[in-house]
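For reference, run-v6.cif (mmCIF, C-alpha atoms):
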data_start
#
loop_
_atom_site.label_atom_id
_atom_site.label_comp_id
_atom_site.auth_asym_id
_atom_site.auth_seq_id
_atom_site.Cartn_x
_atom_site.Cartn_y
_atom_site.Cartn_z
CA SER H 1 0.00 0.00 0.00
CA PRO H 2 1.21 3.58 -0.63
CA GLN H 3 3.12 5.12 2.21
CA VAL H 4 1.70 7.91 4.35
CA GLY H 5 2.37 11.26 2.70
CA ALA H 6 2.97 9.51 -0.61
CA LYS H 7 3.20 11.76 -3.63
CA ILE H 8 -0.24 12.03 -5.22
CA PRO H 9 0.18 14.99 -7.56
CA SER H 10 -3.12 14.15 -9.23
CA LYS H 11 -5.23 15.46 -6.31
CA PRO H 12 -5.02 19.17 -7.19
CA GLY H 13 -5.23 18.22 -10.88
CA MET H 14 -8.47 16.30 -10.27
CA ILE H 15 -9.82 19.23 -8.25
CA MET H 16 -9.01 21.54 -11.18
CA GLU H 17 -10.71 19.20 -13.68
CA THR H 18 -13.85 19.32 -11.55
CA LEU H 19 -13.66 23.12 -11.12
CA ASN H 20 -13.67 23.38 -14.92
CA LYS H 21 -17.02 21.54 -15.01
CA VAL H 22 -18.93 23.56 -12.38
CA GLU H 23 -20.43 27.05 -12.34
CA GLU H 24 -18.67 30.09 -10.89
CA GLY H 25 -19.36 30.19 -7.12
CA ASP H 26 -20.04 26.44 -6.85
CA TYR H 27 -18.20 24.37 -4.24
CA VAL H 28 -15.99 21.39 -5.01
CA VAL H 29 -15.27 19.10 -2.06
CA TRP H 30 -12.27 16.75 -2.19
CA ILE H 31 -12.74 13.78 0.14
CA ASP H 32 -10.08 11.06 0.27
CA ALA H 33 -11.37 7.60 -0.58
CA ASP H 34 -10.81 6.51 3.05
CA ALA H 35 -13.19 9.17 4.44
CA LEU H 36 -16.97 9.02 4.92
CA ILE H 37 -19.53 11.81 5.15
CA GLU H 38 -21.68 11.11 8.22
CA ASP H 39 -23.91 14.19 8.13
CA ARG H 40 -24.88 17.16 5.94
CA ILE H 41 -22.18 19.77 5.41
CA ASP H 42 -24.21 22.58 3.75
CA GLU H 43 -22.82 25.10 6.23
CA ILE H 44 -19.42 24.96 4.52
CA MET H 45 -20.93 27.09 1.76
CA PHE H 46 -20.04 30.72 2.43
CA ASN H 47 -17.60 33.33 1.16
CA TYR H 48 -14.04 31.95 0.83
CA ASP H 49 -11.85 30.53 -1.93
CA ILE H 50 -10.22 27.53 -0.23
CA GLY H 51 -11.30 25.59 2.87
CA VAL H 52 -8.86 23.36 4.75
CA THR H 53 -8.95 21.38 7.99
CA VAL H 54 -6.30 21.82 10.66
CA ARG H 55 -5.23 19.22 13.22
CA GLN H 56 -5.84 19.72 16.91
CA PRO H 57 -2.98 21.26 18.91
CA LYS H 58 -0.26 18.83 20.06
CA GLN H 59 -0.75 16.69 16.93
CA LYS H 60 2.74 16.83 15.50
CA GLU H 61 2.17 14.51 12.53
CA ASN H 62 4.91 15.55 10.07
CA SER H 63 4.55 19.00 11.69
CA LEU H 64 1.98 19.77 8.99
CA PRO H 65 -1.14 21.35 10.50
CA ILE H 66 -3.36 20.76 7.44
CA ASN H 67 -4.51 17.25 6.62
CA ALA H 68 -5.21 17.39 2.86
CA GLY H 69 -7.68 14.49 2.98
CA ILE H 70 -10.56 17.00 2.91
CA VAL H 71 -10.34 20.21 0.88
CA PHE H 72 -13.16 22.62 0.02
CA VAL H 73 -12.80 24.86 -3.05
CA ARG H 74 -15.29 27.54 -4.07
CA LYS H 75 -14.94 28.24 -7.78
CA THR H 76 -13.58 31.78 -8.00
CA PRO H 77 -10.81 33.22 -10.20
CA THR H 78 -8.60 33.39 -7.08
CA ALA H 79 -9.30 29.75 -6.17
CA ILE H 80 -8.40 28.68 -9.71
CA LYS H 81 -5.07 30.56 -9.47
CA PHE H 82 -4.47 28.96 -6.06
CA VAL H 83 -5.11 25.41 -7.36
CA GLU H 84 -2.84 26.14 -10.37
CA GLU H 85 -0.07 27.14 -7.91
CA TRP H 86 -0.73 23.95 -5.91
CA ILE H 87 -0.46 21.86 -9.10
CA ALA H 88 2.84 23.59 -10.01
CA LEU H 89 4.28 23.01 -6.53
CA CYS H 90 3.31 19.32 -6.70
CA GLU H 91 5.34 18.87 -9.90
CA THR H 92 8.55 19.30 -7.91
CA GLY H 93 7.39 18.93 -4.31
CA VAL H 94 7.17 16.10 -1.82
CA SER H 95 3.41 15.56 -1.51
CA ASP H 96 0.14 17.34 -2.21
CA GLN H 97 -0.28 17.75 1.57
CA GLN H 98 3.11 19.35 2.14
CA GLU H 99 2.62 21.73 -0.78
CA LEU H 100 -0.90 22.68 0.40
CA ASN H 101 0.56 23.49 3.83
CA LYS H 102 3.22 25.69 2.17
CA LEU H 103 0.58 27.60 0.22
CA CYS H 104 -1.89 28.08 3.09
CA GLN H 105 0.56 28.86 5.91
CA VAL H 106 -2.04 28.29 8.63
CA THR H 107 -1.71 26.84 12.13
CA THR H 108 -4.08 25.51 14.77
CA LYS H 109 -4.44 29.13 15.98
CA ASP H 110 -6.31 29.85 12.75
CA THR H 111 -8.99 27.18 13.39
CA ASN H 112 -12.52 28.53 12.71
CA LYS H 113 -11.03 31.69 11.20
CA THR H 114 -10.81 33.07 7.70
CA VAL H 115 -7.36 34.33 6.65
CA VAL H 116 -5.82 35.68 3.45
CA ARG H 117 -2.75 33.96 1.94
CA HIS H 118 -1.43 34.51 -1.61
CA ASN H 119 -4.50 36.74 -2.20
CA ALA H 120 -6.74 33.71 -1.52
CA VAL H 121 -9.39 33.80 1.19
CA ILE H 122 -8.82 30.61 3.18
CA HIS H 123 -11.24 29.31 5.80
CA VAL H 124 -9.77 26.96 8.38
CA PHE H 125 -12.25 24.28 9.46
CA GLU H 126 -11.93 22.05 12.51
CA CYS H 127 -10.60 18.56 11.87
CA ARG H 128 -12.78 17.17 14.65
CA VAL H 129 -15.89 18.13 12.64
CA TYR H 130 -14.89 17.99 8.97
CA ASN H 131 -11.93 15.58 8.89
CA ASN H 132 -12.16 13.60 12.09
CA PHE H 133 -9.46 11.01 12.67
CA TYR H 134 -9.65 11.21 16.49
CA PHE H 135 -12.72 8.98 16.87
CA ALA H 136 -10.70 5.86 17.76
CA LYS H 137 -9.50 7.56 20.96
CA LYS H 138 -12.69 9.36 21.94
CA PRO H 139 -16.25 9.41 20.61
CA SER H 140 -16.92 12.31 18.24
CA PRO H 141 -20.64 13.04 18.06
CA GLN H 142 -19.84 16.33 16.28
CA ALA H 143 -17.93 14.61 13.44
CA LYS H 144 -19.56 15.19 10.06
CA ILE H 145 -16.73 13.64 8.03
CA LYS H 146 -14.70 10.76 9.47
CA HIS H 147 -11.32 9.95 7.95
CA TYR H 148 -10.24 6.33 8.36
CA LYS H 149 -6.64 7.12 7.44
CA SER H 150 -3.70 4.72 7.79
CA LYS H 151 -3.87 3.32 11.36
CA LEU H 152 -7.68 3.64 11.44
CA ARG H 153 -8.45 1.56 8.32
CA HIS H 154 -9.36 -1.47 10.43
CA LEU H 155 -12.26 0.56 11.89
CA TRP H 156 -13.84 1.13 8.45
CA PRO H 157 -17.55 0.23 8.77
CA GLU H 158 -18.60 -2.91 6.87
#
Step by step, read the file and then write its structure as structure tokens.
Amino acid sequence: SPQVGAKIPSKPGMIMETLNKVEEGDYVVWIDADALIEDRIDEIMFNYDIGVTVRQPKQKENSLPINAGIVFVRKTPTAIKFVEEWIALCETGVSDQQELNKLCQVTTKDTNKTVVRHNAVIHVFECRVYNNFYFAKKPSPQAKIKHYKSKLRHLWPE
């Protein structure tokens, strides 16, 4: 199986392909194949270009705050430029996740905030709601998207 943080340069490319097929202002949601939507997420639709989820404090996984398993993109000219930059970085970079972290430059302090980076309006969503991979350790009734990544695959519902 591919190793954690493996280079998957196609992710931003697939997001771009989808952006090309939707109307201006529509939302494209990238969800890794090992994640499940548990509840409606309509509330993610508001005014930003890129939405990312940031790990809880003290989670030092690769020291990358953003887990790129869930990414929200609202089709705007700025979002398209941002995804183009992400694609370009992935050509030479380590992984789509590392390059997304470089572009967004957000930390856990930015959780539930909207910030501007590279002219893009980025909203930072909580991992425990929109990209929850903490549920093995404690129940997460608030989790709307659960991510059964790497060590959690054995918990995948049948």
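Take the PyMOL selection byres ((chain H and resi 57) around 12) and apply it to this file: it picks Val54, Arg55, Gln56, Lys58, Gln59, Lys60, Glu61, Ser63, Leu64, Pro65, Ile66, Thr107, Thr108, Lys109, Asp110, Thr111, Glu126, Cys127 and Arg128 of chain H.
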Legend entry - Expected answer as a PyMOL selection string: all residues with atoms within 12 Å of (-5.0, 16.5, -8.2), all atoms listed in the file: chain H and resi 7-19+30-32+68-69+71+83-91+95-97+99-100
Legend entry - Residues returned when the PyMOL selection byres ((chain H and resi 38) around 12) runs on this file, as a list in words: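 Checked against the file, the PyMOL selection byres ((chain H and resi 38) around 12) matches Ala35, Leu36, Ile37, Asp39, Arg40, Ile41, Val129, Tyr130, Asn131, Asn132, Ser140, Pro141, Gln142, Ala143, Lys144, Ile145, Lys146, His147 and Pro157 of chain H.
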Using only C-alpha atoms, please write the residues we just selected to a file, as a PDB file, in the frame of the given file.
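Below is the file selection.pdb, written as the result:
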ATOM      1  CA  ALA H  35     -13.190   9.170   4.440  1.00  0.00           C
ATOM      2  CA  LEU H  36     -16.970   9.020   4.920  1.00  0.00           C
ATOM      3  CA  ILE H  37     -19.530  11.810   5.150  1.00  0.00           C
ATOM      4  CA  ASP H  39     -23.910  14.190   8.130  1.00  0.00           C
ATOM      5  CA  ARG H  40     -24.880  17.160   5.940  1.00  0.00           C
ATOM      6  CA  ILE H  41     -22.180  19.770   5.410  1.00  0.00           C
ATOM      7  CA  VAL H 129     -15.890  18.130  12.640  1.00  0.00           C
ATOM      8  CA  TYR H 130     -14.890  17.990   8.970  1.00  0.00           C
ATOM      9  CA  ASN H 131     -11.930  15.580   8.890  1.00  0.00           C
ATOM     10  CA  ASN H 132     -12.160  13.600  12.090  1.00  0.00           C
ATOM     11  CA  SER H 140     -16.920  12.310  18.240  1.00  0.00           C
ATOM     12  CA  PRO H 141     -20.640  13.040  18.060  1.00  0.00           C
ATOM     13  CA  GLN H 142     -19.840  16.330  16.280  1.00  0.00           C
ATOM     14  CA  ALA H 143     -17.930  14.610  13.440  1.00  0.00           C
ATOM     15  CA  LYS H 144     -19.560  15.190  10.060  1.00  0.00           C
ATOM     16  CA  ILE H 145     -16.730  13.640   8.030  1.00  0.00           C
ATOM     17  CA  LYS H 146     -14.700  10.760   9.470  1.00  0.00           C
ATOM     18  CA  HIS H 147     -11.320   9.950   7.950  1.00  0.00           C
ATOM     19  CA  PRO H 157     -17.550   0.230   8.770  1.00  0.00           C
TER      20      PRO H 157
END
Apply the PyMOL selection byres ((chain H and resi 77) around 12) to the file shown and report the selected residues as a short mmCIF file (atom, residue, chain, number, x, y, z; two decimals) with C-alpha atoms, in the coordinates of the input.
data_model
loop_
_atom_site.label_atom_id
_atom_site.label_comp_id
_atom_site.auth_asym_id
_atom_site.auth_seq_id
_atom_site.Cartn_x
_atom_site.Cartn_y
_atom_site.Cartn_z
CA MET H 16 -9.01 21.54 -11.18
CA LEU H 19 -13.66 23.12 -11.12
CA ASN H 20 -13.67 23.38 -14.92
CA GLU H 23 -20.43 27.05 -12.34
CA GLU H 24 -18.67 30.09 -10.89
CA GLY H 25 -19.36 30.19 -7.12
CA ASP H 26 -20.04 26.44 -6.85
CA TYR H 48 -14.04 31.95 0.83
CA ASP H 49 -11.85 30.53 -1.93
CA ILE H 50 -10.22 27.53 -0.23
CA VAL H 73 -12.80 24.86 -3.05
CA ARG H 74 -15.29 27.54 -4.07
CA LYS H 75 -14.94 28.24 -7.78
CA THR H 76 -13.58 31.78 -8.00
CA THR H 78 -8.60 33.39 -7.08
CA ALA H 79 -9.30 29.75 -6.17
CA ILE H 80 -8.40 28.68 -9.71
CA LYS H 81 -5.07 30.56 -9.47
CA PHE H 82 -4.47 28.96 -6.06
CA VAL H 83 -5.11 25.41 -7.36
CA GLU H 84 -2.84 26.14 -10.37
CA ASN H 119 -4.50 36.74 -2.20
CA ALA H 120 -6.74 33.71 -1.52
CA VAL H 121 -9.39 33.80 1.19
#
Legend entry - Distance in Å - atom CA of H:Lys102 versus atom CA of H:Met45: 24.2 Å
Inset, instruction - Rounded to one decimal place, report the atom CA of H:Gly51-atom CA of H:His123 distance in Å. - result: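 We find that atom CA of H:Gly51 and atom CA of H:His123 lie 4.7 Å from each other.
Neighbours of H:Arg153 closer than or equal to 12 Å, with all atoms listed in the file counted and sequence neighbours fewer than 2 positions away skipped, come out as Ser1, Ala33, Asp34, Ala35, Leu36, Phe133, Ala136, Lys146, His147, Tyr148, Lys149, Ser150, Lys151, Leu155, Trp156, Pro157 and Glu158 of chain H.
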Inset, instruction - Using atom CA of H:Val115 and atom CA of H:Lys21 as the two end points, give the distance in Å to one decimal. - result: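 Those two atoms sit 26.9 Å apart.
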Inset, instruction - Identify which of the residues H:Val94, H:Phe125, H:His118, H:Val22 lies closest to H:Glu43, counting all atoms listed in the file when measuring atom-to-atom distances. - result: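 Selected residue with least distance to H:Glu43: H:Phe125.
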For stretch 69-77 of chain H, I'd like the enclosing box, axis-aligned and padded by 3 Å on every side, reported as JSON with centre and edge lengths in Å to one decimal.
{"center_x": -11.5, "center_y": 23.9, "center_z": -3.6, "size_x": 13.6, "size_y": 24.7, "size_z": 19.2}
Inset, instruction - Can you work out which one of H:Thr53, H:Thr92, H:Gln98, H:Asn67 has the shortest atom-to-atom distance to H:Thr114, counting all atoms listed in the file? - result: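 Going through H:Thr53, H:Thr92, H:Gln98, H:Asn67 one by one, the smallest distance to H:Thr114 is for H:Thr53.
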Legend entry - Nearest to H:Cys104, chosen from H:Val52, H:Val29, H:Lys137, H:Leu152, with only C-alpha atoms counted in the distances: H:Val52
Start from the incomplete input, build all heavy atoms for stretch 29-40 of chain H, and deliver everything as a PDB file, in the frame of the given file.
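Ended up saving to rebuild27.pdb:
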ATOM      1  N   VAL H  29     -15.770  19.671  -3.305  1.00  0.00           N
ATOM      2  CA  VAL H  29     -15.270  19.100  -2.060  1.00  0.00           C
ATOM      3  C   VAL H  29     -14.429  17.874  -2.399  1.00  0.00           C
ATOM      4  O   VAL H  29     -14.925  16.920  -3.005  1.00  0.00           O
ATOM      5  CB  VAL H  29     -16.452  18.680  -1.136  1.00  0.00           C
ATOM      6  CG1 VAL H  29     -15.931  18.050   0.152  1.00  0.00           C
ATOM      7  CG2 VAL H  29     -17.338  19.890  -0.828  1.00  0.00           C
ATOM      8  N   TRP H  30     -13.143  17.933  -2.040  1.00  0.00           N
ATOM      9  CA  TRP H  30     -12.270  16.750  -2.190  1.00  0.00           C
ATOM     10  C   TRP H  30     -12.367  15.960  -0.901  1.00  0.00           C
ATOM     11  O   TRP H  30     -12.139  16.483   0.186  1.00  0.00           O
ATOM     12  CB  TRP H  30     -10.812  17.146  -2.402  1.00  0.00           C
ATOM     13  CG  TRP H  30      -9.956  15.911  -2.395  1.00  0.00           C
ATOM     14  CD1 TRP H  30      -9.413  15.301  -1.287  1.00  0.00           C
ATOM     15  CD2 TRP H  30      -9.598  15.100  -3.508  1.00  0.00           C
ATOM     16  NE1 TRP H  30      -8.740  14.160  -1.669  1.00  0.00           N
ATOM     17  CE2 TRP H  30      -8.843  14.018  -3.033  1.00  0.00           C
ATOM     18  CE3 TRP H  30      -9.853  15.190  -4.886  1.00  0.00           C
ATOM     19  CZ2 TRP H  30      -8.332  13.029  -3.869  1.00  0.00           C
ATOM     20  CZ3 TRP H  30      -9.341  14.199  -5.712  1.00  0.00           C
ATOM     21  CH2 TRP H  30      -8.585  13.140  -5.199  1.00  0.00           C
ATOM     22  N   ILE H  31     -12.693  14.674  -1.023  1.00  0.00           N
ATOM     23  CA  ILE H  31     -12.740  13.780   0.140  1.00  0.00           C
ATOM     24  C   ILE H  31     -11.946  12.540  -0.232  1.00  0.00           C
ATOM     25  O   ILE H  31     -12.274  11.856  -1.201  1.00  0.00           O
ATOM     26  CB  ILE H  31     -14.199  13.410   0.497  1.00  0.00           C
ATOM     27  CG1 ILE H  31     -14.967  14.679   0.864  1.00  0.00           C
ATOM     28  CG2 ILE H  31     -14.235  12.406   1.643  1.00  0.00           C
ATOM     29  CD1 ILE H  31     -16.407  14.458   1.222  1.00  0.00           C
ATOM     30  N   ASP H  32     -10.869  12.261   0.526  1.00  0.00           N
ATOM     31  CA  ASP H  32     -10.080  11.060   0.270  1.00  0.00           C
ATOM     32  C   ASP H  32     -10.983   9.834   0.280  1.00  0.00           C
ATOM     33  O   ASP H  32     -12.011   9.806   0.975  1.00  0.00           O
ATOM     34  CB  ASP H  32      -8.997  10.885   1.355  1.00  0.00           C
ATOM     35  CG  ASP H  32      -7.716  11.653   1.045  1.00  0.00           C
ATOM     36  OD1 ASP H  32      -7.652  12.365   0.018  1.00  0.00           O
ATOM     37  OD2 ASP H  32      -6.768  11.541   1.849  1.00  0.00           O
ATOM     38  N   ALA H  33     -10.575   8.821  -0.454  1.00  0.00           N
ATOM     39  CA  ALA H  33     -11.370   7.600  -0.580  1.00  0.00           C
ATOM     40  C   ALA H  33     -11.560   6.888   0.763  1.00  0.00           C
ATOM     41  O   ALA H  33     -12.494   6.108   0.920  1.00  0.00           O
ATOM     42  CB  ALA H  33     -10.719   6.658  -1.582  1.00  0.00           C
ATOM     43  N   ASP H  34     -10.688   7.171   1.740  1.00  0.00           N
ATOM     44  CA  ASP H  34     -10.810   6.510   3.050  1.00  0.00           C
ATOM     45  C   ASP H  34     -11.561   7.374   4.060  1.00  0.00           C
ATOM     46  O   ASP H  34     -11.439   7.197   5.262  1.00  0.00           O
ATOM     47  CB  ASP H  34      -9.436   6.093   3.583  1.00  0.00           C
ATOM     48  CG  ASP H  34      -8.462   7.245   3.690  1.00  0.00           C
ATOM     49  OD1 ASP H  34      -8.812   8.393   3.327  1.00  0.00           O
ATOM     50  OD2 ASP H  34      -7.324   7.017   4.127  1.00  0.00           O
ATOM     51  N   ALA H  35     -12.375   8.321   3.558  1.00  0.00           N
ATOM     52  CA  ALA H  35     -13.190   9.170   4.440  1.00  0.00           C
ATOM     53  C   ALA H  35     -14.666   8.976   4.105  1.00  0.00           C
ATOM     54  O   ALA H  35     -15.010   8.621   2.979  1.00  0.00           O
ATOM     55  CB  ALA H  35     -12.786  10.638   4.264  1.00  0.00           C
ATOM     56  N   LEU H  36     -15.517   9.177   5.100  1.00  0.00           N
ATOM     57  CA  LEU H  36     -16.970   9.020   4.920  1.00  0.00           C
ATOM     58  C   LEU H  36     -17.700  10.241   5.450  1.00  0.00           C
ATOM     59  O   LEU H  36     -17.413  10.709   6.558  1.00  0.00           O
ATOM     60  CB  LEU H  36     -17.473   7.805   5.715  1.00  0.00           C
ATOM     61  CG  LEU H  36     -17.150   6.419   5.188  1.00  0.00           C
ATOM     62  CD1 LEU H  36     -17.653   5.367   6.177  1.00  0.00           C
ATOM     63  CD2 LEU H  36     -17.784   6.194   3.822  1.00  0.00           C
ATOM     64  N   ILE H  37     -18.665  10.722   4.673  1.00  0.00           N
ATOM     65  CA  ILE H  37     -19.530  11.810   5.150  1.00  0.00           C
ATOM     66  C   ILE H  37     -20.614  11.183   6.024  1.00  0.00           C
ATOM     67  O   ILE H  37     -21.325  10.288   5.582  1.00  0.00           O
ATOM     68  CB  ILE H  37     -20.155  12.578   3.975  1.00  0.00           C
ATOM     69  CG1 ILE H  37     -19.075  13.226   3.131  1.00  0.00           C
ATOM     70  CG2 ILE H  37     -21.128  13.639   4.493  1.00  0.00           C
ATOM     71  CD1 ILE H  37     -19.598  13.958   1.905  1.00  0.00           C
ATOM     72  N   GLU H  38     -20.719  11.662   7.260  1.00  0.00           N
ATOM     73  CA  GLU H  38     -21.680  11.110   8.220  1.00  0.00           C
ATOM     74  C   GLU H  38     -22.927  11.981   8.338  1.00  0.00           C
ATOM     75  O   GLU H  38     -23.938  11.542   8.869  1.00  0.00           O
ATOM     76  CB  GLU H  38     -21.030  11.040   9.615  1.00  0.00           C
ATOM     77  CG  GLU H  38     -19.742  10.260   9.676  1.00  0.00           C
ATOM     78  CD  GLU H  38     -19.970   8.826  10.088  1.00  0.00           C
ATOM     79  OE1 GLU H  38     -20.786   8.583  10.985  1.00  0.00           O
ATOM     80  OE2 GLU H  38     -19.323   7.947   9.499  1.00  0.00           O
ATOM     81  N   ASP H  39     -22.811  13.247   7.921  1.00  0.00           N
ATOM     82  CA  ASP H  39     -23.910  14.190   8.130  1.00  0.00           C
ATOM     83  C   ASP H  39     -23.800  15.299   7.083  1.00  0.00           C
ATOM     84  O   ASP H  39     -22.743  15.474   6.469  1.00  0.00           O
ATOM     85  CB  ASP H  39     -23.793  14.790   9.541  1.00  0.00           C
ATOM     86  CG  ASP H  39     -25.101  15.363  10.050  1.00  0.00           C
ATOM     87  OD1 ASP H  39     -26.090  15.422   9.278  1.00  0.00           O
ATOM     88  OD2 ASP H  39     -25.132  15.774  11.228  1.00  0.00           O
ATOM     89  N   ARG H  40     -24.866  16.049   6.913  1.00  0.00           N
ATOM     90  CA  ARG H  40     -24.880  17.160   5.940  1.00  0.00           C
ATOM     91  C   ARG H  40     -23.795  18.172   6.277  1.00  0.00           C
ATOM     92  O   ARG H  40     -23.511  18.423   7.444  1.00  0.00           O
ATOM     93  CB  ARG H  40     -26.229  17.852   5.967  1.00  0.00           C
ATOM     94  CG  ARG H  40     -27.371  16.968   5.510  1.00  0.00           C
ATOM     95  CD  ARG H  40     -28.669  17.729   5.584  1.00  0.00           C
ATOM     96  NE  ARG H  40     -28.643  18.789   4.581  1.00  0.00           N
ATOM     97  CZ  ARG H  40     -29.469  18.842   3.532  1.00  0.00           C
ATOM     98  NH1 ARG H  40     -30.378  17.911   3.372  1.00  0.00           N
ATOM     99  NH2 ARG H  40     -29.376  19.828   2.660  1.00  0.00           N
TER     100      ARG H  40
END
